Amino acid sequence: MKYILLFLILISSHLVFAQTAEKDVFEIYERQYNGMIKSRGMPDSFGFTQVIGGFNTAGLKSNKDFANVLKNLYGDKEKIGVVFFFYNEGILHRTFFKPGKVLEEKKIKISPQKLAELHSDLLMAFKIQAKSANRSPIKRGVVVKNIGSNVKKVNLEVLTKEIGNILLPTGFDETVKQLIVIPALNIGTFPFHILKPYNDNSYLIDKCSFTISPGIVDLIVSKTVTLRETIGGEWQNGKYLDQDGYTDRNRHLPEKRRFTLDNPLFISNPAYPKNLEYEFPNLPGAAKEIAGAISYAKNYYLLSGKNATKDSVFKYWEEADLIYFATHGIADETNPIENSYLVLSGDDAKLTARDVMNLAVKGKSFPEMVILSACQTGLGKSVDVGVTGLARSFILGGTKQVIMSLWNVDDEATAFLMERFIIHLQAPNFYLPSEQLRLAILDTKKKYPNPMYWASFSVFGVSY
């Protein structure tokens with residue numbers, strides 16, 4: 001996985017675009033992306049490995065160029081759509097792509113504060129704070145006020161429509177079966193599941209899976225690695241040629257994939273420390289959640305209670321193909337690298353985003369997939385190119401996909417959803433793991449119809 005990290009750093013420094021409006025957009029995006037990388041404490045240079053052969057990002061000069069790159073990476077049969085968000089000087093740019101096509105270019109005047117307000121209103125409409133009060137961390141010395149009487153009244157249907165008008169392109173329809181979102185600001189923390197873009201008023205998740213790509217660079221690198229593993233070939237003169245020298249991605253149906261739990265590491269309901277700034281309620285549902293997943297594992301390591309220390313997690317880290325955290329999490333918007341963390345046990349109980357990044361810098365191997373079943377693990381500091389927090393730290397280290405939680409209000413519903421997800425991972429399907437998560441969500445939606453129970457998990461990374 002280390003070579004992906006090396007290439008992410010290097011490729012980002014070559015993103016150059018032209019044309020007055022588009023040049024400004026993508027040159028600024030380059031600086032934003034580089035700034036985010038540096039803020040993570042990553043070195044400017046980390047060596048170079050030819051991950052995608054002769055592909056040169058200096059050839060990306062317009063939206064049409066990026067559409068052509070997508071055509072080299074995806075066939076029409078894959079039925080993907082990509083919506084790219086860019087934010088600068090009060091304007092949110094939303095561009096909608098299909099392979100080889102730019103379908104929409106839209107500018108929306110909106111402030112980061114307004115997007116944050118919409119996100120807050122959505123959580124309020126779901127009554128997330130009230131529903132999760134008895135299982136959420138509480139800052140020591142703080143008296144928790146009664147939630148309810150002063151809550152802002154929000155019409156969920158009206159709010160969802162307003163959010164959908166911002167997040168979804170007008171050209172989005174049922175022909176898209178996998179939506180790839182390249183976010184700006186806090187857009188990646190919205191539950192796209194609950195948007196209703198179809199004429200029959202059904203939810204997006206009813207007909208389409210989606211994934212949050214960390215950035216343009218990440219999308220290109222991840223899909224290129226998949227192509228090299230499946231059809232061989234290399235980038236040559238700005239085109240990806242398969243092992244037979246063809247550029248047509250429709251010659252090969254994408255492979256169905258499954259993910260088996262060959263050697264996972266499970267962290268379940270640690271013995272929460274008493275010396276941190278928060279009090280952490282016990283999570284008995286975490287044990288049930290992990291127990292459901294363990295039954296599908298071939299070999300596994302289980303760390304729970306007092307055994308779930310940071311040293312123990314690091315001991316098994318490089319051996320695991322999946323790391324599954326069922327614990328508390330804290331997201332910090334001010335200093336997400338140092339102060340966003342997963343809670344473990346022992347004297348040094350914080351597994352911070354910085355800890356994860358330090359493992360990456362040291363060249364440690366990362367698991368292919370990480371599940372962060374903890375409150376707020378999809379949150380963090382909102383910056384121009386998205387949210388920086390725990391989930392992005394794992395991706396930069398080499399993890400391909402992070403299943404992240406946007407909220408967590410019910411042990412039973414979460415345990416059911418995650419067990420269904422593990423079950424669906426065992427069966428070959430397209431768009432691993434976002435399609436498997438979609439199917440698990442649909443199963444959960446039947447049992448728990450309220451979206452607050454089934455719309456809390458999304459995929460951060462690029463699906464196969």
# chains A, B, ... in the order shown; residues from 1 in each chain; ligands from 1
>>> residues_around(residues="A:Ile220", least_positions_apart="5", cutoff="9 Å", atoms="only C-alpha atoms", output="PyMOL selection string")
chain A and resi 52+69-70+73+215+225
>>> residues_around(residues="A:Lys109", least_positions_apart="3", cutoff="7 Å", atoms="only C-alpha atoms", output="JSON, numbers by chain")
{"A": [90, 91, 92]}
>>> residues_around(residues="A:Gly346", least_positions_apart="3", cutoff="10 Å", atoms="only C-alpha atoms", output="number ranges by chain")
A: 270-275, 305-311, 343, 349-350
>>> write_last_selection(atoms="C-alpha atoms", output="PDB file, in the first residue's frame")
ATOM      1  CA  PRO A 270     -12.569  -1.262  25.462  1.00  0.00           C
ATOM      2  CA  ALA A 271     -12.306  -0.571  29.189  1.00  0.00           C
ATOM      3  CA  TYR A 272     -12.729   3.171  28.823  1.00  0.00           C
ATOM      4  CA  PRO A 273     -10.190   5.255  30.754  1.00  0.00           C
ATOM      5  CA  LYS A 274     -11.139   7.553  33.615  1.00  0.00           C
ATOM      6  CA  ASN A 275      -8.369  10.090  33.014  1.00  0.00           C
ATOM      7  CA  GLY A 305     -12.080  -4.621  27.598  1.00  0.00           C
ATOM      8  CA  LYS A 306      -8.684  -4.047  29.207  1.00  0.00           C
ATOM      9  CA  ASN A 307      -6.934  -5.925  26.386  1.00  0.00           C
ATOM     10  CA  ALA A 308      -7.867  -3.288  23.794  1.00  0.00           C
ATOM     11  CA  THR A 309      -4.746  -1.183  24.323  1.00  0.00           C
ATOM     12  CA  LYS A 310      -2.912   0.847  21.701  1.00  0.00           C
ATOM     13  CA  ASP A 311       0.154  -1.413  21.902  1.00  0.00           C
ATOM     14  CA  VAL A 343     -10.950   5.411  22.341  1.00  0.00           C
ATOM     15  CA  ALA A 349      -5.952   5.296  25.267  1.00  0.00           C
ATOM     16  CA  LYS A 350      -6.271   7.724  22.362  1.00  0.00           C
TER      17      LYS A 350
END
>>> atom_distance(atom1="atom CA of A:Ile110", atom2="atom CA of A:Asp65")
27.1 Å
>>> atom_distance(atom1="atom CA of A:Phe416", atom2="atom CA of A:Ile395")
26.1 Å
>>> closest_residue(among="A:Leu115, A:Leu390, A:Val459, A:Leu276", to="A:Asp332", atoms="only C-alpha atoms")
A:Leu390
